[in-house]
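One file, structure-v6.cif, is given below (mmCIF, C-alpha atoms and all ligand atoms).
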```cif
data_upload
#
loop_
_atom_site.label_atom_id
_atom_site.label_comp_id
_atom_site.auth_asym_id
_atom_site.auth_seq_id
_atom_site.Cartn_x
_atom_site.Cartn_y
_atom_site.Cartn_z
CA MET A 18 -15.64 -7.38 8.35
CA ASP A 19 -16.83 -9.98 10.87
CA ILE A 20 -18.41 -13.26 9.83
CA THR A 21 -19.81 -15.70 12.39
CA VAL A 22 -19.76 -19.32 11.25
CA ASN A 23 -21.12 -22.48 12.81
CA GLY A 24 -19.07 -25.58 12.04
CA VAL A 25 -15.81 -26.50 10.41
CA GLU A 26 -17.46 -26.85 6.99
CA SER A 27 -18.50 -23.18 7.08
CA THR A 28 -14.98 -22.09 7.99
CA MET A 29 -13.63 -24.15 5.10
CA ALA A 30 -16.27 -22.72 2.74
CA LEU A 31 -15.20 -19.19 3.62
CA GLY A 32 -11.56 -20.20 3.11
CA GLU A 33 -12.47 -21.66 -0.27
CA LYS A 34 -14.29 -18.50 -1.32
CA ILE A 35 -11.28 -16.33 -0.41
CA GLY A 36 -8.90 -18.84 -2.01
CA SER A 37 -10.87 -18.53 -5.24
CA LEU A 38 -10.42 -14.74 -5.21
CA VAL A 39 -6.72 -14.31 -4.32
CA ASN A 40 -4.17 -13.20 -6.87
CA SER A 41 -0.51 -13.90 -7.51
CA GLY A 42 1.68 -12.41 -4.76
CA ASP A 43 -1.09 -12.05 -2.19
CA ILE A 44 -0.10 -12.47 1.47
CA VAL A 45 -2.66 -13.76 3.97
CA CYS A 46 -1.98 -13.57 7.72
CA LEU A 47 -3.89 -16.00 9.91
CA THR A 48 -4.13 -15.48 13.64
CA GLY A 49 -6.13 -16.96 16.49
CA ASP A 50 -5.50 -19.33 19.38
CA LEU A 51 -4.59 -23.00 19.04
CA GLY A 52 -7.56 -25.02 17.81
CA THR A 53 -9.57 -22.10 16.49
CA GLY A 54 -9.49 -23.45 12.93
CA LYS A 55 -6.61 -21.78 11.10
CA THR A 56 -5.45 -24.99 9.44
CA HIS A 57 -9.02 -25.89 8.47
CA PHE A 58 -9.40 -22.44 6.94
CA VAL A 59 -6.26 -23.19 4.87
CA LYS A 60 -7.76 -26.52 3.75
CA GLY A 61 -10.66 -24.62 2.20
CA PHE A 62 -8.39 -21.86 0.94
CA ALA A 63 -6.26 -24.41 -0.93
CA LYS A 64 -9.38 -25.89 -2.54
CA GLY A 65 -10.25 -22.39 -3.78
CA LEU A 66 -6.80 -22.35 -5.39
CA GLU A 67 -7.61 -25.66 -7.09
CA ILE A 68 -5.18 -27.58 -4.90
CA PHE A 69 -6.63 -31.00 -4.17
CA GLU A 70 -3.88 -32.45 -1.96
CA ASN A 71 -4.57 -32.98 1.73
CA ILE A 72 -3.32 -29.92 3.59
CA THR A 73 -1.63 -30.52 6.95
CA SER A 74 -0.04 -27.98 9.22
CA PRO A 75 3.67 -27.45 8.52
CA THR A 76 4.38 -26.91 12.22
CA PHE A 77 7.75 -28.68 12.14
CA THR A 78 8.74 -27.86 8.57
CA ILE A 79 7.61 -24.19 8.77
CA VAL A 80 6.49 -24.12 5.13
CA ASN A 81 4.73 -26.45 2.70
CA GLU A 82 4.47 -25.62 -0.98
CA TYR A 83 1.60 -26.62 -3.26
CA ASP A 84 0.70 -26.17 -6.92
CA GLY A 85 -2.76 -25.16 -8.05
CA ARG A 86 -4.28 -22.30 -10.04
CA LEU A 87 -1.36 -20.45 -8.40
CA LYS A 88 1.47 -21.72 -6.22
CA LEU A 89 0.72 -21.68 -2.50
CA ASN A 90 3.21 -21.29 0.36
CA HIS A 91 1.58 -22.45 3.60
CA PHE A 92 3.55 -21.33 6.66
CA ASP A 93 3.03 -22.23 10.30
CA VAL A 94 5.44 -20.25 12.46
CA TYR A 95 4.12 -21.49 15.82
CA ARG A 96 7.46 -23.07 16.73
CA VAL A 97 9.59 -20.16 15.56
CA ASP A 98 11.29 -18.62 18.62
CA ASP A 99 12.91 -15.72 16.85
CA PRO A 100 11.87 -14.01 13.57
CA ASP A 101 15.55 -14.24 12.50
CA GLU A 102 15.03 -17.99 12.21
CA ILE A 103 12.42 -17.50 9.57
CA SER A 104 14.37 -14.80 7.74
CA ALA A 105 17.12 -17.41 7.48
CA ILE A 106 14.93 -19.85 5.53
CA GLY A 107 14.44 -17.14 2.86
CA PHE A 108 11.06 -15.88 4.00
CA ASP A 109 11.22 -12.78 1.77
CA GLU A 110 11.90 -14.88 -1.33
CA TYR A 111 8.80 -16.91 -0.54
CA ILE A 112 6.44 -14.05 0.15
CA PHE A 113 7.67 -11.56 -2.46
CA SER A 114 7.07 -13.96 -5.32
CA SER A 115 4.32 -14.93 -7.75
CA ALA A 116 3.00 -17.47 -5.23
CA VAL A 117 0.21 -16.83 -2.73
CA SER A 118 1.42 -17.05 0.88
CA ILE A 119 -0.71 -17.88 3.89
CA ILE A 120 0.89 -17.69 7.34
CA GLU A 121 -0.52 -19.32 10.50
CA TRP A 122 0.54 -17.45 13.65
CA ALA A 123 1.64 -14.41 11.61
CA ASN A 124 1.55 -12.38 14.85
CA TYR A 125 4.76 -14.19 15.93
CA ILE A 126 6.68 -12.65 13.03
CA GLU A 127 4.90 -9.30 12.83
CA GLU A 128 8.05 -7.40 11.82
CA LEU A 129 8.49 -9.59 8.72
CA ILE A 130 4.94 -9.09 7.41
CA PRO A 131 4.44 -6.34 4.84
CA ALA A 132 1.88 -3.67 5.75
CA GLU A 133 -0.04 -4.52 2.56
CA SER A 134 -1.59 -7.84 3.45
CA LEU A 135 -4.88 -9.58 4.09
CA ARG A 136 -5.46 -10.37 7.77
CA ILE A 137 -7.81 -13.02 9.07
CA HIS A 138 -8.37 -13.55 12.78
CA ILE A 139 -10.41 -16.48 14.11
CA GLU A 140 -11.94 -16.57 17.59
CA LYS A 141 -13.98 -19.18 19.39
CA GLN A 142 -17.46 -18.14 20.49
CA PRO A 143 -18.12 -20.34 23.53
CA ALA A 144 -21.27 -18.45 24.41
CA LEU A 145 -22.79 -19.56 21.08
CA GLY A 146 -21.47 -23.15 21.03
CA ASP A 147 -18.34 -25.29 20.52
CA ASP A 148 -18.37 -25.08 16.73
CA PHE A 149 -18.99 -21.35 16.40
CA ARG A 150 -16.22 -19.01 15.30
CA LYS A 151 -16.01 -15.30 14.62
CA ILE A 152 -13.84 -14.67 11.59
CA HIS A 153 -12.58 -11.11 11.38
CA ILE A 154 -11.22 -10.02 7.99
CA ASP A 155 -9.40 -6.82 7.16
CA TYR A 156 -6.71 -5.70 4.79
CA THR A 157 -4.38 -2.92 3.77
CA GLY A 158 -3.84 -2.34 0.05
CA GLU A 159 -6.15 -1.86 -2.93
CA ARG A 160 -5.11 -5.24 -4.28
CA TYR A 161 -7.25 -6.91 -1.60
CA GLY A 162 -10.40 -4.98 -2.50
CA TYR A 163 -11.99 -8.22 -3.78
CA ILE A 164 -12.82 -8.96 -0.14
CA LYS A 165 -15.75 -6.58 -0.58
CA GLU A 166 -17.28 -9.17 -2.93
CA ILE A 167 -17.74 -11.56 -0.02
CA ASN A 168 -21.24 -11.31 1.29
CA ILE A 169 -22.12 -14.07 3.65
P1 LIG B 201 -5.58 -24.28 14.38
O1 LIG B 201 -4.85 -24.47 13.09
O2 LIG B 201 -6.12 -22.89 14.57
O3 LIG B 201 -4.79 -24.74 15.58
P2 LIG B 201 -7.22 -26.51 13.47
O4 LIG B 201 -7.82 -26.10 12.17
O5 LIG B 201 -6.04 -27.42 13.43
O6 LIG B 201 -6.89 -25.21 14.35
O7 LIG B 201 -8.31 -27.22 14.39
C1 LIG B 201 -9.57 -26.66 14.65
C2 LIG B 201 -10.39 -27.69 15.41
O8 LIG B 201 -11.65 -27.11 15.79
C3 LIG B 201 -10.71 -28.92 14.58
O9 LIG B 201 -10.74 -30.05 15.41
C4 LIG B 201 -12.11 -28.62 14.03
O10 LIG B 201 -12.86 -29.77 13.75
C5 LIG B 201 -12.71 -27.86 15.22
N1 LIG B 201 -13.78 -26.91 14.82
C6 LIG B 201 -15.02 -26.86 15.35
N2 LIG B 201 -15.76 -25.88 14.81
C7 LIG B 201 -14.96 -25.27 13.91
C8 LIG B 201 -15.15 -24.17 13.04
N3 LIG B 201 -16.30 -23.49 12.96
N4 LIG B 201 -14.12 -23.81 12.26
C9 LIG B 201 -12.94 -24.47 12.32
N5 LIG B 201 -12.68 -25.51 13.12
C10 LIG B 201 -13.68 -25.92 13.93
MG MG B 202 -2.83 -24.92 12.63
#
```

So, in terms of structure tokens, how does the structure I just supplied come out?
Ligand code: ADP
Ligand code: MG
Amino acid sequence: MDITVNGVESTMALGEKIGSLVNSGDIVCLTGDLGTGKTHFVKGFAKGLEIFENITSPTFTIVNEYDGRLKLNHFDVYRVDDPDEISAIGFDEYIFSSAVSIIEWANYIEELIPAESLRIHIEKQPALGDDFRKIHIDYTGERYGYIKEINI
């Protein structure tokens, strides 16, 4: 599914909608170049999980944990040079848990991501304007079928 949005608020609104639908144990992979809006998507996503703290990118800490309707693990693996580094922090214990996990730059640790996951890719649309983004959503696994409920 492809959704074109105009403006950061629309990206956050889509994040919030998906955050309101996710279930315990869900794994969301976020990809897209620097500055496309991954962290802003997570800000909305957290709101959908009833997390009202300010979300900032855990670029240096790799993971931030939050409590809402469900627990949220927010990863940013941009600075991870080798997937072994992230295995070492107990990545599997984080993602195979009752928490929801969302991972910025998931493409850097492809081999650690389970096939059954929700994948969101954000791209700039310079031909349309600075604040336009194309948000591509797909998934593997019946558990993510709620995505079909999104009709924007
Ligand atoms: P990333 O985490 O992908 O590096 P950020 O969310 O940190 O990106 O930053 C995205 C930047 O792009 C912000 O400055 C934001 O205001 C701007 N922006 C403009 N339009 C959008 C949009 N439609 N969605 C998300 N961010 C947008
Ligand atoms: Mg970011």

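If you measure from each of A:Gly146, A:Gly42, A:Gly107, A:Pro100 to ligand LIG 201 (chain B) using only C-alpha atoms and all ligand atoms, the closest one turns out to be A:Gly146.
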
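When all atoms listed in the file are used to compute distances to ligand MG 202 (chain B), the closest of the residues A:Glu82, A:Glu121, A:Asp109, A:Glu67 turns out to be A:Glu121.
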
Between atom CA of Ser118 of chain A and atom C2 of ligand LIG 201 (chain B), what distance in Å does the model show, to one decimal?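 These two atoms are separated by 21.5 Å.
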
Within 9 Å of (-12.1, -20.1, 4.2), only C-alpha atoms: residues as a count of residues only? 19

For Tyr125 of chain A, list every protein, DNA or RNA residue within 8 Å, evaluated using all atoms listed in the file, and leave out those in the same chain fewer than 3 positions away; present the list as a list in words.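 Once the nearby chain positions are removed, what remains is Val94, Tyr95, Val97, Pro100 and Trp122 of chain A.
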
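Going from atom O6 of ligand LIG 201 (chain B) over to atom CA of Phe77 of chain A, you cover 15.2 Å.
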
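Minimum atom-to-atom distances from A:Ile130, A:Ala123, A:Val117, A:Met18 to ligand MG 202 (chain B) were compared using all atoms listed in the file, and the lowest value belongs to A:Ala123.
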
In Å and to one decimal, atom CA of Ser114 of chain A is distant from atom CA of Asp43 of chain A by 8.9 Å

Missing atoms in segment 108-119 of chain A need filling: write out N, CA and C atoms for it as a compact mmCIF listing (two decimals), in the frame of the given file.
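Now in result_23.txt:
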```txt
# COMPACT_ATOMS: atom_id res chain seq x y z
N PHE A 108 12.46 -16.28 3.92
CA PHE A 108 11.06 -15.88 4.00
C PHE A 108 10.69 -14.85 2.92
N ASP A 109 11.53 -13.83 2.75
CA ASP A 109 11.22 -12.78 1.77
C ASP A 109 11.11 -13.33 0.35
N GLU A 110 11.97 -14.29 0.01
CA GLU A 110 11.90 -14.88 -1.33
C GLU A 110 10.57 -15.62 -1.52
N TYR A 111 10.09 -16.23 -0.46
CA TYR A 111 8.80 -16.91 -0.54
C TYR A 111 7.65 -15.93 -0.70
N ILE A 112 7.64 -14.90 0.14
CA ILE A 112 6.44 -14.05 0.15
C ILE A 112 6.43 -13.01 -0.96
N PHE A 113 7.62 -12.53 -1.35
CA PHE A 113 7.67 -11.56 -2.46
C PHE A 113 7.93 -12.33 -3.74
N SER A 114 6.93 -13.10 -4.15
CA SER A 114 7.07 -13.96 -5.32
C SER A 114 5.72 -14.01 -6.02
N SER A 115 5.61 -14.82 -7.04
CA SER A 115 4.32 -14.93 -7.75
C SER A 115 3.37 -15.88 -7.02
N ALA A 116 3.86 -16.55 -5.99
CA ALA A 116 3.00 -17.47 -5.23
C ALA A 116 2.07 -16.68 -4.31
N VAL A 117 1.06 -17.37 -3.80
CA VAL A 117 0.21 -16.83 -2.73
C VAL A 117 0.80 -17.40 -1.43
N SER A 118 0.91 -16.57 -0.40
CA SER A 118 1.42 -17.05 0.88
C SER A 118 0.35 -16.91 1.94
N ILE A 119 0.21 -17.94 2.76
CA ILE A 119 -0.71 -17.88 3.89
C ILE A 119 0.08 -18.32 5.12
```
